[in-house]
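Reading through the structure tokens given below for one structure.
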Amino acid sequence: MTIELKNLNKSYGKKSVLTDVNLEIKTNTFVMLRGVSGSGKSTLLSIIGGIEPATSGEVIIDGRNVSSLKGKERVDFYRHKVGFIFQGFYLQPQLTIAENIALMGCFAGVPRAERHERAKKLAEDLGIADVLDRLPAEISGGQAERTCAARALFMNPEIILADEPTNNLDPENAKNVIEMLQKIWRDTNTTMIVASHDPMVEKYASQVVSVQEGHVSSDMKAQED
Amino acid sequence: MKYMNRFKIFDCLRLGWKNIAGHKGRSAIIVVTISVLFAAVLGFNTLLNGVERTFANATSLSNDGKFYVATGFEPETFSCLEDINERCVLTPAPDNSEEIIQKRLERYHGKKIGTVYEKAFYWWEERPSMHGDEIEHIQHLETFYVISESVVQSLGIEYANVVDDRLPVILPVGKSLSEAQQQKFYQVGSYPATKSGQPIMSGGGFMNLILGTIRGSLGEMFLIDDGSGKIERFFDGKNDSLVSENTNNYENRSEAVKYDVAIFTDVKDVFGYYDNAWQEGREFGYDFFGRYTYHIKDVFGNTVNVASAFMSLRMITLLIVVVILVIAVCVATLTFVHVISDDAPTVALYRSMGASRLNILGIYLVYIVLLCLLAIIVCIAVTFLLVAVAALVYGSSLAETIKSYYMLSDFARVTFWGYDWISGMIIGVIILVAPLTLLLSLRIFSSKHIAKQLKED
Ligand SMILES: Nc1ncnc2c1ncn2[C@@H]1O[C@H](COP(=O)(O)OP(=O)(O)O)[C@@H](O)[C@H]1O
Ligand SMILES: [Mg+2]
């Protein structure tokens, strides 16, 4: 499934953030959105994921314009097409790690037993099985990042959108997390889009998109293993 | 994998509940705020109902469990339309007055036992002036009540052996005949009605308000009509020995109003009978636009007066209750709206995860309704506490007041606890906060700018 951005513009009031963005992302690509802080990476990520409307232009995923999705189609898009890893974790403090991971399953109507199974499996894959019954306040930053990844993966989305996943972590943990994302990407056939100002991320990406003063330019990289 | 793709009610309940349990401090503050606000209104209403019940108990005791209530239509009601020409009309009592009264008495288990006539006269009296030897002419209006023999029998009062040229009269306890009256009237019995005058409680502003509204009834005296014709002669001024021997004179003022006297054995029936007459007022009761006038009065007691006093109190307090209730609803709703706007990131997160607007409405509906239910429980508990404190502080002085007011040697049935439809309304209104809040929060639930709430600054 390809993602196509056509003549995309975004401004907040008078302030223009993205100007005439045209971009194509092929299916199963590891994309890095690179740029300094405030360049518009998060905004671009949100527009692709359909959680922020563009001022003009189109985001076409699977041949459908994301901004024109209505009602049930939009809900299904969130439930099955995309998974977000937000910069602030937004883990629900009142829910356990297992419940946080399985939250999307509630809305999608996944039966309880199956939700539990899947959360457990994901936690094992991502190395957080031992904290499943804890509350978010009782785990480390690296574990929280992994919880967020597990949560995003829960419904097997086709696109994962991660915003600064290494930001709050020490270099060691940052590397672990990015390698985890790479592994997920390899194992699951998803399109992984990571917004980051961290140069370290670049060498894991197969496509690097530079965001600079509202303009976007894209580089395809040879896959390095 | 295919799922029903539907958010389950159980999960909705769980997420709503977790939102309460996971934020204990916040939930507690909300519950306490709402319950205290509403408990103020509920407590006030409960106290009013309780005191009303206390008075009902007292009136039951003082009347020996029997209530004599008189009901009657004004023979003619004179009323003017408030238009330019001020057209005035005289409406006679309905033809089926008797039937109307009978039907309504039946509904409240009242048994008709006789009649009472009300007749008003000007009473002219010549008195030596305070200064010098001059004679003063004093005019005052006197109302006579003439009760039928059957009512007197029901009271169990002996009246056969009265002096021939005087009219037998029953007086309430505490009232005595003047010297001039003694020449015409003969006291045959005293009925223990309430003491007139209004005892005032020390420091009890609320009680004083109530006592002030209840009239000490029976300033009147009741002439007994034994069917001998003495009363007609008295009113016609034809009985020489009663009327014309001295300078006193009566001047016929109005047509007599005939009342049917019924006996009730349950104070609740009397209250119901009176309340209902008021509610049906526009049908055949007093009406400003030229209809009938309909009276319900006490005979030997003040049960109807108590019912009427509490009804007018209720009118005033209902207004206060509604005003406080509106304020309470506003405060509660704004509190919830504030909480939900604080929760905007959570709402945004849920939506980015594929929760529909309906799903989120469901979660927050559960959240608010559960908090409201908790608030109702706490509210009732706080009300109990308020009532208990009131009973402790005012209980004995209310009992004392009632003992002296109703001349009871003992009175233990003081209560401050009572409920009515207004209590139900107050509790029901708490739940109303939920849909109101959700309506005001729709903006947050359906914002297109989901990402805006999920940007960590
Ligand atoms: N909701 C918003 N309202 C107004 N301005 C915003 C909003 N979100 C982002 N911006 C502005 O848009 C620009 C790009 O922001 P963002 O996409 O977060 O950049 P990045 O993620 O690259 O740091 C910044 O200048 C920011 O101040
Ligand atoms: Mg950013």
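Identifiers for the structure tokens are assigned positionally: chains receive A, B, ... in sequence, residues are indexed from 1 per chain, and ligands are indexed from 1 in the order shown.
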Distance limit 9 Å, reference ligand 2, atoms considered: only C-alpha atoms and all ligand atoms. Which residues make the cut? Give them as a VMD selection string. (chain A and resid 36 to 43 45 87 163 to 164 195 to 197) or (chain B and resid 455 to 456)
Compute the set of chain B residues within 7 Å of chain A, using only C-alpha atoms, and express it as a ChimeraX atom specification. /B:3-8,11,18-19,22,352-356,448-451,456
Written selection (C-alpha atoms) as a PDB file, in the first residue's frame:
```
ATOM      1  CA  TYR B   3     -14.381  -9.294  14.601  1.00  0.00           C
ATOM      2  CA  MET B   4     -17.763  -7.900  15.323  1.00  0.00           C
ATOM      3  CA  ASN B   5     -15.822  -4.665  15.200  1.00  0.00           C
ATOM      4  CA  ARG B   6     -18.029  -3.393  17.957  1.00  0.00           C
ATOM      5  CA  PHE B   7     -17.109  -1.805  21.261  1.00  0.00           C
ATOM      6  CA  LYS B   8     -18.673  -3.959  23.948  1.00  0.00           C
ATOM      7  CA  ASP B  11     -15.592  -2.709  28.115  1.00  0.00           C
ATOM      8  CA  LYS B  18     -11.422   2.760  35.695  1.00  0.00           C
ATOM      9  CA  ASN B  19     -11.495   6.457  34.973  1.00  0.00           C
ATOM     10  CA  GLY B  22      -7.759   5.469  38.647  1.00  0.00           C
ATOM     11  CA  SER B 352      -6.687   7.912  17.364  1.00  0.00           C
ATOM     12  CA  MET B 353      -7.181   4.306  18.420  1.00  0.00           C
ATOM     13  CA  GLY B 354     -10.422   3.992  16.567  1.00  0.00           C
ATOM     14  CA  ALA B 355     -12.949   4.836  19.255  1.00  0.00           C
ATOM     15  CA  SER B 356     -16.001   6.353  17.593  1.00  0.00           C
ATOM     16  CA  LYS B 448     -10.949  17.157  14.009  1.00  0.00           C
ATOM     17  CA  HIS B 449      -7.681  18.249  15.557  1.00  0.00           C
ATOM     18  CA  ILE B 450      -6.900  15.046  17.385  1.00  0.00           C
ATOM     19  CA  ALA B 451      -3.152  15.531  17.082  1.00  0.00           C
ATOM     20  CA  GLU B 456       3.828  17.002  24.289  1.00  0.00           C
TER      21      GLU B 456
END
```
My list of candidates is B:Thr293, B:Leu61, B:Glu106, B:Tyr191. Which is closest to B:Pro92 when distances are computed with only C-alpha atoms?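 Using only C-alpha atoms, B:Pro92 sits closest to B:Thr293.
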Under the rule that only C-alpha atoms and all ligand atoms are counted, which of A:Gln143, A:Gln182, A:Gln212, A:Thr29 is the nearest residue to ligand 1?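 Selected residue with least distance to ligand 1: A:Gln212.
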Considering only C-alpha atoms, return as JSON, numbers by chain whatever protein or nucleic-acid residues lie within 8 Å of A:Thr27, sequence-local ones (same chain, fewer than 6 positions apart) excluded. {"A": [1, 2, 3, 190, 191]}
Only all heavy atoms, please: the residues just picked out, written as a PDB file, in the first residue's frame.
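Okay, result_38.pdb is ready:
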```pdb
ATOM      1  N   MET A   1       0.844  -1.187   0.000  1.00  0.00           N
ATOM      2  CA  MET A   1       0.000   0.000   0.000  1.00  0.00           C
ATOM      3  C   MET A   1       0.882   1.242   0.000  1.00  0.00           C
ATOM      4  O   MET A   1       1.708   1.434   0.887  1.00  0.00           O
ATOM      5  CB  MET A   1      -0.892  -0.077   1.228  1.00  0.00           C
ATOM      6  CG  MET A   1      -0.794   1.023   2.192  1.00  0.00           C
ATOM      7  SD  MET A   1      -2.267   0.926   3.139  1.00  0.00           S
ATOM      8  CE  MET A   1      -1.610   0.889   4.731  1.00  0.00           C
ATOM      9  N   THR A   2       0.669   2.044  -0.954  1.00  0.00           N
ATOM     10  CA  THR A   2       1.498   3.244  -1.049  1.00  0.00           C
ATOM     11  C   THR A   2       0.801   4.428  -0.413  1.00  0.00           C
ATOM     12  O   THR A   2      -0.413   4.473  -0.297  1.00  0.00           O
ATOM     13  CB  THR A   2       1.802   3.600  -2.532  1.00  0.00           C
ATOM     14  OG1 THR A   2       0.570   3.601  -3.233  1.00  0.00           O
ATOM     15  CG2 THR A   2       2.776   2.622  -3.147  1.00  0.00           C
ATOM     16  N   ILE A   3       1.666   5.337   0.036  1.00  0.00           N
ATOM     17  CA  ILE A   3       1.153   6.578   0.612  1.00  0.00           C
ATOM     18  C   ILE A   3       1.597   7.696  -0.317  1.00  0.00           C
ATOM     19  O   ILE A   3       2.767   7.796  -0.665  1.00  0.00           O
ATOM     20  CB  ILE A   3       1.746   6.810   2.012  1.00  0.00           C
ATOM     21  CG1 ILE A   3       1.411   5.609   2.921  1.00  0.00           C
ATOM     22  CG2 ILE A   3       1.257   8.118   2.601  1.00  0.00           C
ATOM     23  CD1 ILE A   3       2.177   5.621   4.226  1.00  0.00           C
ATOM     24  N   THR A 190       5.087  -4.046   7.670  1.00  0.00           N
ATOM     25  CA  THR A 190       4.424  -2.748   7.786  1.00  0.00           C
ATOM     26  C   THR A 190       5.265  -1.676   7.127  1.00  0.00           C
ATOM     27  O   THR A 190       6.455  -1.871   6.845  1.00  0.00           O
ATOM     28  CB  THR A 190       4.271  -2.336   9.261  1.00  0.00           C
ATOM     29  OG1 THR A 190       5.537  -2.464   9.885  1.00  0.00           O
ATOM     30  CG2 THR A 190       3.248  -3.173   9.978  1.00  0.00           C
ATOM     31  N   THR A 191       4.621  -0.542   6.893  1.00  0.00           N
ATOM     32  CA  THR A 191       5.360   0.642   6.501  1.00  0.00           C
ATOM     33  C   THR A 191       5.628   1.411   7.787  1.00  0.00           C
ATOM     34  O   THR A 191       4.707   1.689   8.544  1.00  0.00           O
ATOM     35  CB  THR A 191       4.519   1.504   5.534  1.00  0.00           C
ATOM     36  OG1 THR A 191       4.194   0.705   4.402  1.00  0.00           O
ATOM     37  CG2 THR A 191       5.270   2.741   5.116  1.00  0.00           C
TER      38      THR A 191
END
```
Run DSSP on the backbone of this structure and report the residues of stretch 117-165 of chain A it assigns to strand (DSSP E or B), as a PyMOL selection string. chain A and resi 159-163
For the residues in that selection, give me C-alpha atoms as an mmCIF file, in the first residue's frame.
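selection07.cif written:
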```cif
data_model
loop_
_atom_site.group_PDB
_atom_site.id
_atom_site.type_symbol
_atom_site.label_atom_id
_atom_site.label_comp_id
_atom_site.auth_asym_id
_atom_site.auth_seq_id
_atom_site.Cartn_x
_atom_site.Cartn_y
_atom_site.Cartn_z
ATOM 1 C CA ILE A 159 1.422 1.721 8.782
ATOM 2 C CA ILE A 160 3.200 2.577 12.005
ATOM 3 C CA LEU A 161 3.789 6.232 12.723
ATOM 4 C CA ALA A 162 6.370 6.919 15.425
ATOM 5 C CA ASP A 163 7.149 10.409 16.667
#
```
Take atom CA of B:Glu118 and atom CA of B:Glu158 and report the distance between them in Å, one decimal.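 We find that atom CA of B:Glu118 and atom CA of B:Glu158 lie 22.4 Å from each other.
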Contacts of stretch 141-157 of chain B at 7 Å (only C-alpha atoms; same-chain gap of 4+ positions) as a list in words: Ile113, Gly114, Thr115, Val116, Tyr117, Glu118, Lys119, Ala120, Phe121, Tyr122, Trp123, Gly189, Met221, Phe222, Leu223, Ile224, Asp225 and Asp226 of chain B
Just N, CA, C and O atoms for this one: save the residues we selected as a PDB file, in the first residue's frame.
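selection.pdb, freshly written:
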```
ATOM      1  N   ILE B 113     -71.097  14.013  58.241  1.00  0.00           N
ATOM      2  CA  ILE B 113     -71.841  13.772  59.480  1.00  0.00           C
ATOM      3  C   ILE B 113     -72.823  14.885  59.800  1.00  0.00           C
ATOM      4  O   ILE B 113     -73.567  14.788  60.773  1.00  0.00           O
ATOM      5  N   GLY B 114     -72.826  15.942  59.017  1.00  0.00           N
ATOM      6  CA  GLY B 114     -73.764  17.013  59.331  1.00  0.00           C
ATOM      7  C   GLY B 114     -73.427  18.281  58.578  1.00  0.00           C
ATOM      8  O   GLY B 114     -72.656  18.240  57.615  1.00  0.00           O
ATOM      9  N   THR B 115     -73.972  19.386  59.052  1.00  0.00           N
ATOM     10  CA  THR B 115     -73.726  20.641  58.349  1.00  0.00           C
ATOM     11  C   THR B 115     -73.316  21.720  59.333  1.00  0.00           C
ATOM     12  O   THR B 115     -73.507  21.601  60.542  1.00  0.00           O
ATOM     13  N   VAL B 116     -72.734  22.761  58.763  1.00  0.00           N
ATOM     14  CA  VAL B 116     -72.471  23.965  59.547  1.00  0.00           C
ATOM     15  C   VAL B 116     -72.775  25.158  58.633  1.00  0.00           C
ATOM     16  O   VAL B 116     -72.498  25.126  57.444  1.00  0.00           O
ATOM     17  N   TYR B 117     -73.451  26.150  59.229  1.00  0.00           N
ATOM     18  CA  TYR B 117     -73.729  27.368  58.477  1.00  0.00           C
ATOM     19  C   TYR B 117     -72.830  28.465  58.984  1.00  0.00           C
ATOM     20  O   TYR B 117     -72.558  28.559  60.184  1.00  0.00           O
ATOM     21  N   GLU B 118     -72.406  29.303  58.050  1.00  0.00           N
ATOM     22  CA  GLU B 118     -71.596  30.458  58.447  1.00  0.00           C
ATOM     23  C   GLU B 118     -72.409  31.702  58.093  1.00  0.00           C
ATOM     24  O   GLU B 118     -72.865  31.835  56.957  1.00  0.00           O
ATOM     25  N   LYS B 119     -72.567  32.548  59.059  1.00  0.00           N
ATOM     26  CA  LYS B 119     -73.351  33.760  58.804  1.00  0.00           C
ATOM     27  C   LYS B 119     -72.656  34.935  59.490  1.00  0.00           C
ATOM     28  O   LYS B 119     -72.262  34.847  60.650  1.00  0.00           O
ATOM     29  N   ALA B 120     -72.470  36.021  58.734  1.00  0.00           N
ATOM     30  CA  ALA B 120     -71.764  37.177  59.296  1.00  0.00           C
ATOM     31  C   ALA B 120     -72.741  38.319  59.556  1.00  0.00           C
ATOM     32  O   ALA B 120     -73.669  38.541  58.787  1.00  0.00           O
ATOM     33  N   PHE B 121     -72.543  39.014  60.660  1.00  0.00           N
ATOM     34  CA  PHE B 121     -73.412  40.144  61.051  1.00  0.00           C
ATOM     35  C   PHE B 121     -72.552  41.306  61.513  1.00  0.00           C
ATOM     36  O   PHE B 121     -71.446  41.118  62.011  1.00  0.00           O
ATOM     37  N   TYR B 122     -73.126  42.501  61.354  1.00  0.00           N
ATOM     38  CA  TYR B 122     -72.547  43.631  62.081  1.00  0.00           C
ATOM     39  C   TYR B 122     -73.167  43.633  63.459  1.00  0.00           C
ATOM     40  O   TYR B 122     -74.362  43.485  63.624  1.00  0.00           O
ATOM     41  N   TRP B 123     -72.377  43.812  64.395  1.00  0.00           N
ATOM     42  CA  TRP B 123     -72.830  43.832  65.785  1.00  0.00           C
ATOM     43  C   TRP B 123     -72.688  45.257  66.281  1.00  0.00           C
ATOM     44  O   TRP B 123     -71.600  45.826  66.279  1.00  0.00           O
ATOM     45  N   GLY B 189     -70.193  23.228  76.242  1.00  0.00           N
ATOM     46  CA  GLY B 189     -69.040  22.313  76.246  1.00  0.00           C
ATOM     47  C   GLY B 189     -67.816  23.026  75.734  1.00  0.00           C
ATOM     48  O   GLY B 189     -67.903  24.058  75.105  1.00  0.00           O
ATOM     49  N   MET B 221     -67.101  30.747  67.828  1.00  0.00           N
ATOM     50  CA  MET B 221     -67.911  29.873  68.659  1.00  0.00           C
ATOM     51  C   MET B 221     -68.987  29.247  67.777  1.00  0.00           C
ATOM     52  O   MET B 221     -69.363  29.801  66.751  1.00  0.00           O
ATOM     53  N   PHE B 222     -69.425  28.093  68.187  1.00  0.00           N
ATOM     54  CA  PHE B 222     -70.393  27.361  67.388  1.00  0.00           C
ATOM     55  C   PHE B 222     -71.736  27.313  68.104  1.00  0.00           C
ATOM     56  O   PHE B 222     -71.830  26.818  69.226  1.00  0.00           O
ATOM     57  N   LEU B 223     -72.746  27.857  67.428  1.00  0.00           N
ATOM     58  CA  LEU B 223     -74.103  27.747  67.977  1.00  0.00           C
ATOM     59  C   LEU B 223     -74.654  26.395  67.557  1.00  0.00           C
ATOM     60  O   LEU B 223     -74.402  25.932  66.451  1.00  0.00           O
ATOM     61  N   ILE B 224     -75.402  25.797  68.467  1.00  0.00           N
ATOM     62  CA  ILE B 224     -75.925  24.484  68.139  1.00  0.00           C
ATOM     63  C   ILE B 224     -77.359  24.605  67.645  1.00  0.00           C
ATOM     64  O   ILE B 224     -78.215  25.206  68.303  1.00  0.00           O
ATOM     65  N   ASP B 225     -77.583  24.079  66.467  1.00  0.00           N
ATOM     66  CA  ASP B 225     -78.931  24.093  65.912  1.00  0.00           C
ATOM     67  C   ASP B 225     -79.633  22.779  66.250  1.00  0.00           C
ATOM     68  O   ASP B 225     -79.346  21.742  65.673  1.00  0.00           O
ATOM     69  N   ASP B 226     -80.545  22.867  67.220  1.00  0.00           N
ATOM     70  CA  ASP B 226     -81.241  21.647  67.638  1.00  0.00           C
ATOM     71  C   ASP B 226     -82.568  21.484  66.913  1.00  0.00           C
ATOM     72  O   ASP B 226     -83.373  20.626  67.233  1.00  0.00           O
TER      73      ASP B 226
END
```
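Residues in contact with B:Met425 at 12 Å, where only C-alpha atoms are counted and same-chain residues fewer than 2 positions away are skipped, are listed as Phe38, Val41, Leu42, Asn45, Leu318, Val321, Val322, Leu325, Tyr419, Asp420, Trp421, Ile422, Ser423, Ile427, Gly428, Val429, Ile430, Ile431 and Leu432 of chain B.
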Store the residues of this selection in a file with C-alpha atoms, as a CSV table (one decimal), in the first residue's frame.
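The new file selection-v5.csv reads:
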```csv
chain,number,residue,atom,x,y,z
B,38,PHE,CA,-27.5,18.7,46.4
B,41,VAL,CA,-31.5,21.2,48.9
B,42,LEU,CA,-32.5,17.7,49.8
B,45,ASN,CA,-36.8,19.7,51.7
B,318,LEU,CA,-40.2,25.3,45.9
B,321,VAL,CA,-35.3,24.8,45.9
B,322,VAL,CA,-35.5,25.4,42.2
B,325,LEU,CA,-31.1,23.3,42.2
B,419,TYR,CA,-39.8,12.8,51.6
B,420,ASP,CA,-42.1,13.7,48.8
B,421,TRP,CA,-42.0,14.1,45.0
B,422,ILE,CA,-39.6,17.0,45.3
B,423,SER,CA,-37.1,14.8,47.0
B,427,ILE,CA,-32.2,13.2,43.2
B,428,GLY,CA,-33.4,12.8,39.6
B,429,VAL,CA,-31.9,16.1,38.6
B,430,ILE,CA,-28.4,14.9,39.7
B,431,ILE,CA,-28.6,12.3,36.9
B,432,LEU,CA,-29.6,15.1,34.5
```
Long-range neighbours of A:Glu117 as a list in words, 12 Å cut-off, only C-alpha atoms, 4 positions minimum in chain: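 The filter keeps Ala98, Glu99, Ile101, Ala102, Gly105, Val110, Pro111, Arg112, Ala113, Lys121, Leu122, Ala123, Glu124, Ala129, Leu132 and Phe154 of chain A.
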Using N, CA and C atoms, can you write the selected residues to a file as a PDB file, in the first residue's frame?
```pdb
ATOM      1  N   ALA A  98      -0.758  -4.232  30.479  1.00  0.00           N
ATOM      2  CA  ALA A  98      -1.485  -5.152  29.600  1.00  0.00           C
ATOM      3  C   ALA A  98      -2.734  -4.483  29.041  1.00  0.00           C
ATOM      4  N   GLU A  99      -3.458  -3.775  29.908  1.00  0.00           N
ATOM      5  CA  GLU A  99      -4.686  -3.105  29.454  1.00  0.00           C
ATOM      6  C   GLU A  99      -4.385  -1.969  28.491  1.00  0.00           C
ATOM      7  N   ILE A 101      -1.834  -1.864  26.442  1.00  0.00           N
ATOM      8  CA  ILE A 101      -1.466  -2.469  25.159  1.00  0.00           C
ATOM      9  C   ILE A 101      -2.720  -2.895  24.389  1.00  0.00           C
ATOM     10  N   ALA A 102      -3.682  -3.436  25.126  1.00  0.00           N
ATOM     11  CA  ALA A 102      -4.855  -4.027  24.474  1.00  0.00           C
ATOM     12  C   ALA A 102      -5.992  -3.034  24.252  1.00  0.00           C
ATOM     13  N   GLY A 105      -7.969  -2.967  21.133  1.00  0.00           N
ATOM     14  CA  GLY A 105      -8.795  -4.157  20.974  1.00  0.00           C
ATOM     15  C   GLY A 105     -10.197  -3.958  21.531  1.00  0.00           C
ATOM     16  N   VAL A 110     -12.360  -6.822  19.941  1.00  0.00           N
ATOM     17  CA  VAL A 110     -11.633  -8.087  20.078  1.00  0.00           C
ATOM     18  C   VAL A 110     -12.044  -8.716  21.417  1.00  0.00           C
ATOM     19  N   PRO A 111     -12.405  -9.991  21.397  1.00  0.00           N
ATOM     20  CA  PRO A 111     -12.829 -10.619  22.658  1.00  0.00           C
ATOM     21  C   PRO A 111     -11.734 -10.530  23.722  1.00  0.00           C
ATOM     22  N   ARG A 112     -12.178 -10.501  24.950  1.00  0.00           N
ATOM     23  CA  ARG A 112     -11.295 -10.250  26.085  1.00  0.00           C
ATOM     24  C   ARG A 112     -10.138 -11.265  26.170  1.00  0.00           C
ATOM     25  N   ALA A 113     -10.468 -12.520  26.046  1.00  0.00           N
ATOM     26  CA  ALA A 113      -9.450 -13.568  26.177  1.00  0.00           C
ATOM     27  C   ALA A 113      -8.386 -13.401  25.091  1.00  0.00           C
ATOM     28  N   LYS A 121       1.640 -11.905  24.095  1.00  0.00           N
ATOM     29  CA  LYS A 121       2.556 -12.280  23.017  1.00  0.00           C
ATOM     30  C   LYS A 121       3.421 -11.088  22.610  1.00  0.00           C
ATOM     31  N   LEU A 122       2.751  -9.933  22.415  1.00  0.00           N
ATOM     32  CA  LEU A 122       3.476  -8.722  22.033  1.00  0.00           C
ATOM     33  C   LEU A 122       4.485  -8.332  23.105  1.00  0.00           C
ATOM     34  N   ALA A 123       4.061  -8.442  24.356  1.00  0.00           N
ATOM     35  CA  ALA A 123       4.948  -8.069  25.458  1.00  0.00           C
ATOM     36  C   ALA A 123       6.167  -8.984  25.496  1.00  0.00           C
ATOM     37  N   GLU A 124       5.930 -10.256  25.224  1.00  0.00           N
ATOM     38  CA  GLU A 124       7.062 -11.184  25.186  1.00  0.00           C
ATOM     39  C   GLU A 124       8.022 -10.821  24.062  1.00  0.00           C
ATOM     40  N   ALA A 129       7.310  -8.508  29.161  1.00  0.00           N
ATOM     41  CA  ALA A 129       6.334  -9.456  29.723  1.00  0.00           C
ATOM     42  C   ALA A 129       6.254  -9.373  31.237  1.00  0.00           C
ATOM     43  N   LEU A 132       3.663  -6.563  32.733  1.00  0.00           N
ATOM     44  CA  LEU A 132       2.286  -6.507  32.222  1.00  0.00           C
ATOM     45  C   LEU A 132       1.248  -6.077  33.257  1.00  0.00           C
ATOM     46  N   PHE A 154      -0.908  -3.507  18.137  1.00  0.00           N
ATOM     47  CA  PHE A 154      -1.921  -4.440  18.616  1.00  0.00           C
ATOM     48  C   PHE A 154      -2.873  -4.929  17.532  1.00  0.00           C
TER      49      PHE A 154
END
```
So which bits of stretch 258-409 of chain B end up helix (DSSP H, G or I) when you DSSP the backbone, as number ranges by chain? B: 267-279, 281-284, 303-342, 344-352, 357-406
Determine, counting only C-alpha atoms, which protein, DNA and RNA residues have an atom within 9 Å of an atom of stretch 201-203 of chain A; residues of the same chain fewer than 5 positions away are not included. Present the result as a PyMOL selection string. chain A and resi 31-32+34+166+175+178+194+196+208+224
Work out how far apart atom CA of B:Leu386 and atom CA of B:Val267 are and give it in Å to one decimal. 26.8 Å
Option closest in space to ligand 1, from A:Lys6, A:Arg146, A:Lys183, A:Lys15 [counting only C-alpha atoms and all ligand atoms]: A:Lys15
Please, what distance in Å, to one decimal, runs between atom CA of A:Gly35 and atom 20 (P, counted along the ligand's line) of ligand 1?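 According to the coordinates, atom CA of A:Gly35 and atom 20 (P, counted along the ligand's line) of ligand 1 are separated by 7.5 Å.
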Of the candidates A:Glu172, A:Glu213, A:Glu58, A:Asp219, which one gets nearest to ligand 1 if we count only C-alpha atoms and all ligand atoms? A:Glu213
